[in-house]
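Okay, structure first, notes after.
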Amino acid sequence: MEYTEFITHVQSLAQSESRQEAEVATRSTLEIIKQIIPSDEREKLAAEIPQELREYLHGGETEPIQSLNLQEFIECISQKEKVEPTIAVIHVRAVFAVVQLAVSPENFRKFYDYFSHDYEELFNISMINTVPA
């Protein structure tokens, strides 16, 4: 998937008023994900998303820096984007949905498995459940 297509999908799903808002939402979400998922899994994910977005998953510790519950995760995104938490939830859902479209089902399943059950509301569960574990 190309960068423009990725951002256009995020913008559409989040019903964002601007492309810039979709870009900030995508960047913020990927930068927070970098703090949760180990580097080897981030690299696999980064290899399948547009080149322009890969830098937001690169670098950092080899192991997850922190474990965030859903509320903490949303608060981090909200602060990074400088939006209300309710808007951050909509943005994260959109970014996760587009990541799911952009990467292989196997890599998305591995990505999904790093999040606790309280994150399920951010994912399209029906699509995930069709992917073998």
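Residue numbering restarts at 1 in every chain; chains get A, B, ... in the order shown in the structure tokens, and ligands count up from 1 in that same order.
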Review point. Leaving out Glu75 in chain A and any residue of its chain fewer than 3 positions from it, which residues lie within 9 Å of it when counting only C-alpha atoms, given as a list of chain:residue names?
Key: A:Leu70, A:Gln71, A:Glu72, A:Ser78, A:Gln79, A:Lys80, A:Glu84, A:Pro85, A:Ala88
Please produce a file of the residues just selected, as an mmCIF file, in the first residue's frame, where the atoms kept are all heavy atoms.
data_model
loop_
_atom_site.group_PDB
_atom_site.id
_atom_site.type_symbol
_atom_site.label_atom_id
_atom_site.label_comp_id
_atom_site.auth_asym_id
_atom_site.auth_seq_id
_atom_site.Cartn_x
_atom_site.Cartn_y
_atom_site.Cartn_z
ATOM 1 N N LEU A 70 -5.593 0.166 28.214
ATOM 2 C CA LEU A 70 -6.279 0.902 27.159
ATOM 3 C C LEU A 70 -6.389 2.393 27.484
ATOM 4 O O LEU A 70 -6.099 3.240 26.643
ATOM 5 C CB LEU A 70 -7.671 0.303 26.910
ATOM 6 C CG LEU A 70 -8.524 1.038 25.886
ATOM 7 C CD1 LEU A 70 -7.873 1.051 24.525
ATOM 8 C CD2 LEU A 70 -9.914 0.409 25.823
ATOM 9 N N GLN A 71 -6.781 2.708 28.692
ATOM 10 C CA GLN A 71 -6.958 4.112 29.076
ATOM 11 C C GLN A 71 -5.635 4.884 28.973
ATOM 12 O O GLN A 71 -5.594 6.009 28.472
ATOM 13 C CB GLN A 71 -7.523 4.202 30.491
ATOM 14 C CG GLN A 71 -7.851 5.615 30.916
ATOM 15 C CD GLN A 71 -8.517 5.660 32.289
ATOM 16 O OE1 GLN A 71 -8.878 4.648 32.867
ATOM 17 N NE2 GLN A 71 -8.669 6.860 32.806
ATOM 18 N N GLU A 72 -4.549 4.285 29.431
ATOM 19 C CA GLU A 72 -3.237 4.926 29.351
ATOM 20 C C GLU A 72 -2.805 5.107 27.892
ATOM 21 O O GLU A 72 -2.250 6.144 27.526
ATOM 22 C CB GLU A 72 -2.189 4.093 30.090
ATOM 23 C CG GLU A 72 -2.397 4.035 31.590
ATOM 24 C CD GLU A 72 -1.556 2.961 32.262
ATOM 25 O OE1 GLU A 72 -1.229 1.931 31.625
ATOM 26 O OE2 GLU A 72 -1.242 3.161 33.453
ATOM 27 N N SER A 78 -3.852 10.789 22.811
ATOM 28 C CA SER A 78 -4.562 12.058 22.962
ATOM 29 C C SER A 78 -3.576 13.208 23.205
ATOM 30 O O SER A 78 -3.668 14.268 22.567
ATOM 31 C CB SER A 78 -5.563 11.943 24.117
ATOM 32 O OG SER A 78 -6.168 13.173 24.393
ATOM 33 N N GLN A 79 -2.635 12.996 24.107
ATOM 34 C CA GLN A 79 -1.639 14.026 24.410
ATOM 35 C C GLN A 79 -0.722 14.286 23.224
ATOM 36 O O GLN A 79 -0.400 15.431 22.904
ATOM 37 C CB GLN A 79 -0.828 13.624 25.635
ATOM 38 C CG GLN A 79 -1.608 13.682 26.922
ATOM 39 C CD GLN A 79 -0.830 13.128 28.110
ATOM 40 O OE1 GLN A 79 0.327 12.738 27.994
ATOM 41 N NE2 GLN A 79 -1.484 13.094 29.261
ATOM 42 N N LYS A 80 -0.300 13.219 22.563
ATOM 43 C CA LYS A 80 0.607 13.361 21.424
ATOM 44 C C LYS A 80 -0.063 14.105 20.270
ATOM 45 O O LYS A 80 0.545 14.933 19.613
ATOM 46 C CB LYS A 80 1.078 11.974 20.982
ATOM 47 C CG LYS A 80 2.257 12.012 20.033
ATOM 48 C CD LYS A 80 2.807 10.634 19.873
ATOM 49 C CE LYS A 80 4.177 10.400 20.393
ATOM 50 N NZ LYS A 80 5.125 11.454 20.458
ATOM 51 N N GLU A 84 -8.937 15.501 22.082
ATOM 52 C CA GLU A 84 -9.695 14.861 23.155
ATOM 53 C C GLU A 84 -9.564 13.340 23.045
ATOM 54 O O GLU A 84 -9.447 12.809 21.930
ATOM 55 C CB GLU A 84 -11.173 15.253 23.072
ATOM 56 C CG GLU A 84 -11.434 16.712 23.385
ATOM 57 C CD GLU A 84 -11.068 17.073 24.813
ATOM 58 O OE1 GLU A 84 -11.370 16.297 25.739
ATOM 59 O OE2 GLU A 84 -10.459 18.144 24.999
ATOM 60 N N PRO A 85 -9.618 12.626 24.172
ATOM 61 C CA PRO A 85 -9.527 11.155 24.130
ATOM 62 C C PRO A 85 -10.567 10.499 23.211
ATOM 63 O O PRO A 85 -10.255 9.511 22.552
ATOM 64 C CB PRO A 85 -9.720 10.751 25.590
ATOM 65 C CG PRO A 85 -9.209 11.920 26.359
ATOM 66 C CD PRO A 85 -9.615 13.131 25.551
ATOM 67 N N ALA A 88 -9.160 10.670 19.867
ATOM 68 C CA ALA A 88 -8.003 9.772 19.769
ATOM 69 C C ALA A 88 -8.456 8.334 19.534
ATOM 70 O O ALA A 88 -7.848 7.608 18.737
ATOM 71 C CB ALA A 88 -7.147 9.869 21.030
#
Point to revise | Non-local contacts of Phe6 in chain A (8 Å; only C-alpha atoms; under 5 positions in same chain excluded) as JSON, numbers by chain | key: {"A": [1, 50, 98, 102]}
Kindly export the residues of the current selection with all heavy atoms, as a PDB file, in the first residue's frame.
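So the final result, stored in part05.pdb, reads:
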ATOM      1  N   MET A   1       0.840  -1.166   0.000  1.00  0.00           N
ATOM      2  CA  MET A   1       0.000   0.000   0.000  1.00  0.00           C
ATOM      3  C   MET A   1       0.895   1.243   0.000  1.00  0.00           C
ATOM      4  O   MET A   1       1.862   1.311   0.742  1.00  0.00           O
ATOM      5  CB  MET A   1      -0.904  -0.014   1.248  1.00  0.00           C
ATOM      6  CG  MET A   1      -1.833   1.161   1.355  1.00  0.00           C
ATOM      7  SD  MET A   1      -2.927   1.134   2.824  1.00  0.00           S
ATOM      8  CE  MET A   1      -3.995  -0.225   2.439  1.00  0.00           C
ATOM      9  N   PRO A  50       3.861   1.640   4.355  1.00  0.00           N
ATOM     10  CA  PRO A  50       4.575   2.558   3.456  1.00  0.00           C
ATOM     11  C   PRO A  50       5.896   3.053   4.041  1.00  0.00           C
ATOM     12  O   PRO A  50       6.004   3.301   5.249  1.00  0.00           O
ATOM     13  CB  PRO A  50       3.590   3.713   3.284  1.00  0.00           C
ATOM     14  CG  PRO A  50       2.245   3.102   3.502  1.00  0.00           C
ATOM     15  CD  PRO A  50       2.471   2.054   4.566  1.00  0.00           C
ATOM     16  N   VAL A  98      -6.419   0.382   8.966  1.00  0.00           N
ATOM     17  CA  VAL A  98      -5.604   0.524   7.760  1.00  0.00           C
ATOM     18  C   VAL A  98      -4.334  -0.318   7.867  1.00  0.00           C
ATOM     19  O   VAL A  98      -3.912  -0.928   6.885  1.00  0.00           O
ATOM     20  CB  VAL A  98      -5.306   2.007   7.451  1.00  0.00           C
ATOM     21  CG1 VAL A  98      -4.438   2.137   6.204  1.00  0.00           C
ATOM     22  CG2 VAL A  98      -6.622   2.768   7.263  1.00  0.00           C
ATOM     23  N   ALA A 102      -2.997  -3.174   5.298  1.00  0.00           N
ATOM     24  CA  ALA A 102      -1.684  -3.015   4.676  1.00  0.00           C
ATOM     25  C   ALA A 102      -0.739  -4.193   4.889  1.00  0.00           C
ATOM     26  O   ALA A 102       0.160  -4.411   4.078  1.00  0.00           O
ATOM     27  CB  ALA A 102      -1.021  -1.739   5.195  1.00  0.00           C
TER      28      ALA A 102
END
Check your understanding: Excluding same-chain residues fewer than 3 positions from Ser12 in chain A, what lies within 12 Å of it counting only C-alpha atoms, as a list in words?
Key -> Glu5, Phe6, Ile7, Thr8, His9, Gln15, Ser16, Glu17, Ser18, Arg19, Glu21, Ala22, Glu23, Ile90, His91, Arg93, Ala94, Val95, Ala97 and Val98 of chain A
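The interatomic distance for the pair CA of Ala46 in chain A and CA of Glu2 in chain A works out to 13.1 Å.
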Show me, as a short mmCIF file (atom, residue, chain, number, x, y, z; two decimals) with N, CA, C and O atoms, in the first residue's frame, the residues that have an atom within 12 Å of Gln100 in chain A when counting only C-alpha atoms, minus same-chain residues fewer than 3 positions from it.
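Everything below was put into around29.cif:
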data_model
loop_
_atom_site.label_atom_id
_atom_site.label_comp_id
_atom_site.auth_asym_id
_atom_site.auth_seq_id
_atom_site.Cartn_x
_atom_site.Cartn_y
_atom_site.Cartn_z
N MET A 1 0.84 -1.17 0.00
CA MET A 1 0.00 0.00 0.00
C MET A 1 0.90 1.24 0.00
O MET A 1 1.86 1.31 0.74
N PHE A 6 -2.68 4.96 2.14
CA PHE A 6 -2.76 4.67 3.57
C PHE A 6 -3.39 5.85 4.31
O PHE A 6 -4.37 5.69 5.06
N HIS A 9 -7.07 6.44 3.48
CA HIS A 9 -7.93 5.48 4.20
C HIS A 9 -8.11 5.91 5.66
O HIS A 9 -9.22 5.86 6.18
N VAL A 10 -7.03 6.30 6.31
CA VAL A 10 -7.13 6.75 7.70
C VAL A 10 -8.06 7.97 7.77
O VAL A 10 -8.96 8.03 8.61
N LEU A 45 6.40 -5.49 11.03
CA LEU A 45 5.27 -4.62 10.72
C LEU A 45 5.72 -3.48 9.82
O LEU A 45 5.08 -3.18 8.80
N GLU A 48 6.05 -3.85 6.03
CA GLU A 48 4.85 -3.97 5.20
C GLU A 48 4.02 -2.69 5.10
O GLU A 48 3.03 -2.66 4.39
N ILE A 49 4.42 -1.65 5.81
CA ILE A 49 3.68 -0.39 5.71
C ILE A 49 4.48 0.56 4.80
O ILE A 49 5.65 0.30 4.51
N ARG A 93 -8.59 3.63 16.01
CA ARG A 93 -9.37 2.60 15.29
C ARG A 93 -9.10 2.67 13.79
O ARG A 93 -8.94 1.65 13.13
N ALA A 94 -9.07 3.88 13.26
CA ALA A 94 -8.83 4.06 11.83
C ALA A 94 -7.43 3.59 11.45
O ALA A 94 -7.25 2.85 10.47
N VAL A 95 -6.43 3.98 12.23
CA VAL A 95 -5.05 3.57 11.94
C VAL A 95 -4.91 2.05 12.03
O VAL A 95 -4.34 1.42 11.13
N PHE A 96 -5.46 1.44 13.08
CA PHE A 96 -5.39 -0.02 13.22
C PHE A 96 -6.07 -0.71 12.04
O PHE A 96 -5.58 -1.72 11.54
N ALA A 97 -7.21 -0.20 11.60
CA ALA A 97 -7.93 -0.80 10.47
C ALA A 97 -7.09 -0.73 9.19
O ALA A 97 -7.04 -1.69 8.42
N VAL A 103 -0.91 -4.94 5.98
CA VAL A 103 0.05 -6.00 6.30
C VAL A 103 -0.58 -7.38 6.13
O VAL A 103 -1.79 -7.51 6.06
N SER A 104 0.29 -8.39 6.11
CA SER A 104 -0.20 -9.76 5.97
C SER A 104 -1.05 -10.14 7.19
O SER A 104 -0.82 -9.64 8.29
N PRO A 105 -2.01 -11.04 6.99
CA PRO A 105 -2.82 -11.49 8.13
C PRO A 105 -1.98 -12.06 9.28
O PRO A 105 -2.28 -11.82 10.44
N GLU A 106 -0.91 -12.76 8.96
CA GLU A 106 -0.06 -13.35 9.99
C GLU A 106 0.63 -12.27 10.82
O GLU A 106 0.67 -12.35 12.05
N ASN A 107 1.17 -11.26 10.15
CA ASN A 107 1.84 -10.18 10.89
C ASN A 107 0.85 -9.35 11.68
O ASN A 107 1.16 -8.89 12.77
N PHE A 108 -0.35 -9.17 11.13
CA PHE A 108 -1.34 -8.41 11.88
C PHE A 108 -1.77 -9.18 13.11
O PHE A 108 -1.95 -8.60 14.18
N ARG A 109 -1.91 -10.48 12.99
CA ARG A 109 -2.29 -11.31 14.15
C ARG A 109 -1.24 -11.19 15.26
O ARG A 109 -1.57 -11.06 16.43
N LYS A 110 0.03 -11.23 14.88
CA LYS A 110 1.11 -11.08 15.87
C LYS A 110 1.05 -9.71 16.52
O LYS A 110 1.23 -9.58 17.73
N PHE A 111 0.80 -8.68 15.71
CA PHE A 111 0.64 -7.31 16.23
C PHE A 111 -0.51 -7.26 17.22
O PHE A 111 -0.37 -6.78 18.34
N TYR A 112 -1.64 -7.79 16.83
CA TYR A 112 -2.85 -7.79 17.66
C TYR A 112 -2.60 -8.50 19.00
O TYR A 112 -3.06 -8.05 20.04
N LEU A 122 -10.73 -1.41 19.88
CA LEU A 122 -9.98 -0.66 18.87
C LEU A 122 -9.76 -1.45 17.59
O LEU A 122 -9.27 -0.90 16.60
N PHE A 123 -10.10 -2.72 17.62
CA PHE A 123 -9.86 -3.60 16.48
C PHE A 123 -11.17 -4.09 15.88
O PHE A 123 -12.17 -4.20 16.57
N ASN A 124 -11.11 -4.42 14.59
CA ASN A 124 -12.24 -5.06 13.92
C ASN A 124 -12.12 -6.55 14.22
O ASN A 124 -11.46 -7.29 13.50
N ILE A 125 -12.74 -6.98 15.29
CA ILE A 125 -12.59 -8.34 15.80
C ILE A 125 -13.02 -9.39 14.79
O ILE A 125 -12.39 -10.43 14.66
N MET A 127 -12.71 -9.55 11.66
CA MET A 127 -11.66 -9.84 10.69
C MET A 127 -10.49 -10.56 11.35
O MET A 127 -9.89 -11.44 10.77
N ILE A 128 -10.18 -10.20 12.58
CA ILE A 128 -9.05 -10.83 13.28
C ILE A 128 -9.34 -12.28 13.58
O ILE A 128 -8.48 -13.14 13.45
N VAL A 131 -8.27 -14.97 11.15
CA VAL A 131 -6.85 -15.20 10.94
C VAL A 131 -6.38 -16.28 11.89
O VAL A 131 -6.60 -16.19 13.09
#
Review point. What residues in range 21-58 of chain A get the DSSP label alpha helix (DSSP H)? Please answer as a PyMOL selection string.
Key: chain A and resi 21-33+39-46+51-54
Serialized selection, N, CA and C atoms, as a JSON list (two decimals), in the first residue's frame:
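Output file again_8.json is given in full below:
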[["chain", "number", "residue", "atom", "x", "y", "z"],
["A", 21, "GLU", "N", -4.54, 16.01, 9.69],
["A", 21, "GLU", "CA", -5.05, 15.37, 10.89],
["A", 21, "GLU", "C", -4.84, 13.85, 10.81],
["A", 22, "ALA", "N", -5.07, 13.28, 9.65],
["A", 22, "ALA", "CA", -4.86, 11.84, 9.45],
["A", 22, "ALA", "C", -3.38, 11.48, 9.57],
["A", 23, "GLU", "N", -2.52, 12.34, 9.07],
["A", 23, "GLU", "CA", -1.08, 12.09, 9.17],
["A", 23, "GLU", "C", -0.62, 12.16, 10.63],
["A", 24, "VAL", "N", -1.09, 13.14, 11.37],
["A", 24, "VAL", "CA", -0.73, 13.26, 12.79],
["A", 24, "VAL", "C", -1.26, 12.05, 13.57],
["A", 25, "ALA", "N", -2.48, 11.64, 13.29],
["A", 25, "ALA", "CA", -3.07, 10.48, 13.97],
["A", 25, "ALA", "C", -2.24, 9.23, 13.69],
["A", 26, "THR", "N", -1.85, 9.04, 12.45],
["A", 26, "THR", "CA", -1.06, 7.86, 12.07],
["A", 26, "THR", "C", 0.31, 7.89, 12.75],
["A", 27, "ARG", "N", 0.98, 9.00, 12.65],
["A", 27, "ARG", "CA", 2.31, 9.14, 13.25],
["A", 27, "ARG", "C", 2.24, 8.92, 14.77],
["A", 28, "SER", "N", 1.29, 9.55, 15.42],
["A", 28, "SER", "CA", 1.16, 9.44, 16.88],
["A", 28, "SER", "C", 0.90, 8.00, 17.30],
["A", 29, "THR", "N", 0.00, 7.33, 16.60],
["A", 29, "THR", "CA", -0.32, 5.95, 16.93],
["A", 29, "THR", "C", 0.89, 5.05, 16.76],
["A", 30, "LEU", "N", 1.61, 5.19, 15.66],
["A", 30, "LEU", "CA", 2.79, 4.36, 15.42],
["A", 30, "LEU", "C", 3.89, 4.64, 16.46],
["A", 31, "GLU", "N", 4.06, 5.89, 16.85],
["A", 31, "GLU", "CA", 5.08, 6.21, 17.84],
["A", 31, "GLU", "C", 4.76, 5.62, 19.21],
["A", 32, "ILE", "N", 3.50, 5.55, 19.56],
["A", 32, "ILE", "CA", 3.13, 4.94, 20.84],
["A", 32, "ILE", "C", 3.23, 3.42, 20.74],
["A", 33, "ILE", "N", 2.87, 2.84, 19.61],
["A", 33, "ILE", "CA", 3.00, 1.40, 19.39],
["A", 33, "ILE", "C", 4.46, 0.99, 19.59],
["A", 39, "SER", "N", 11.12, -4.74, 19.28],
["A", 39, "SER", "CA", 11.68, -4.25, 18.02],
["A", 39, "SER", "C", 11.60, -5.27, 16.88],
["A", 40, "ASP", "N", 11.81, -6.55, 17.15],
["A", 40, "ASP", "CA", 11.76, -7.53, 16.06],
["A", 40, "ASP", "C", 10.37, -7.58, 15.42],
["A", 41, "GLU", "N", 9.33, -7.50, 16.22],
["A", 41, "GLU", "CA", 7.97, -7.49, 15.67],
["A", 41, "GLU", "C", 7.65, -6.17, 15.00],
["A", 42, "ARG", "N", 8.17, -5.07, 15.54],
["A", 42, "ARG", "CA", 7.97, -3.76, 14.91],
["A", 42, "ARG", "C", 8.60, -3.74, 13.53],
["A", 43, "GLU", "N", 9.77, -4.36, 13.41],
["A", 43, "GLU", "CA", 10.46, -4.39, 12.12],
["A", 43, "GLU", "C", 9.66, -5.16, 11.08],
["A", 44, "LYS", "N", 9.04, -6.26, 11.49],
["A", 44, "LYS", "CA", 8.20, -7.03, 10.56],
["A", 44, "LYS", "C", 7.00, -6.20, 10.10],
["A", 45, "LEU", "N", 6.40, -5.49, 11.03],
["A", 45, "LEU", "CA", 5.27, -4.62, 10.72],
["A", 45, "LEU", "C", 5.72, -3.48, 9.82],
["A", 46, "ALA", "N", 6.84, -2.86, 10.16],
["A", 46, "ALA", "CA", 7.36, -1.72, 9.39],
["A", 46, "ALA", "C", 7.66, -2.11, 7.95],
["A", 51, "GLN", "N", 6.88, 3.19, 3.17],
["A", 51, "GLN", "CA", 8.22, 3.63, 3.55],
["A", 51, "GLN", "C", 8.19, 4.90, 4.41],
["A", 52, "GLU", "N", 7.34, 5.84, 4.06],
["A", 52, "GLU", "CA", 7.28, 7.11, 4.76],
["A", 52, "GLU", "C", 6.85, 6.98, 6.23],
["A", 53, "LEU", "N", 6.25, 5.86, 6.58],
["A", 53, "LEU", "CA", 5.76, 5.65, 7.94],
["A", 53, "LEU", "C", 6.68, 4.76, 8.78],
["A", 54, "ARG", "N", 7.59, 4.09, 8.14],
["A", 54, "ARG", "CA", 8.44, 3.11, 8.84],
["A", 54, "ARG", "C", 9.28, 3.72, 9.94]]
Review point. CA of Ile74 in chain A and CA of His117 in chain A are how many Å apart?
Key: 14.6 Å
Check your understanding: Out of A:Val99, A:Ala14, A:Leu68, A:Val92, which residue has the shortest atom-to-atom distance to Gln35 in chain A when counting only C-alpha atoms?
Key -> A:Leu68
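Using only C-alpha atoms, the nearest neighbour of Phe115 in chain A within the list A:Leu57, A:Ala47, A:Leu101, A:Ile37 is A:Ile37.
Taking CA of Thr86 in chain A as the reference point, CA of His58 in chain A is found at 27.6 Å.
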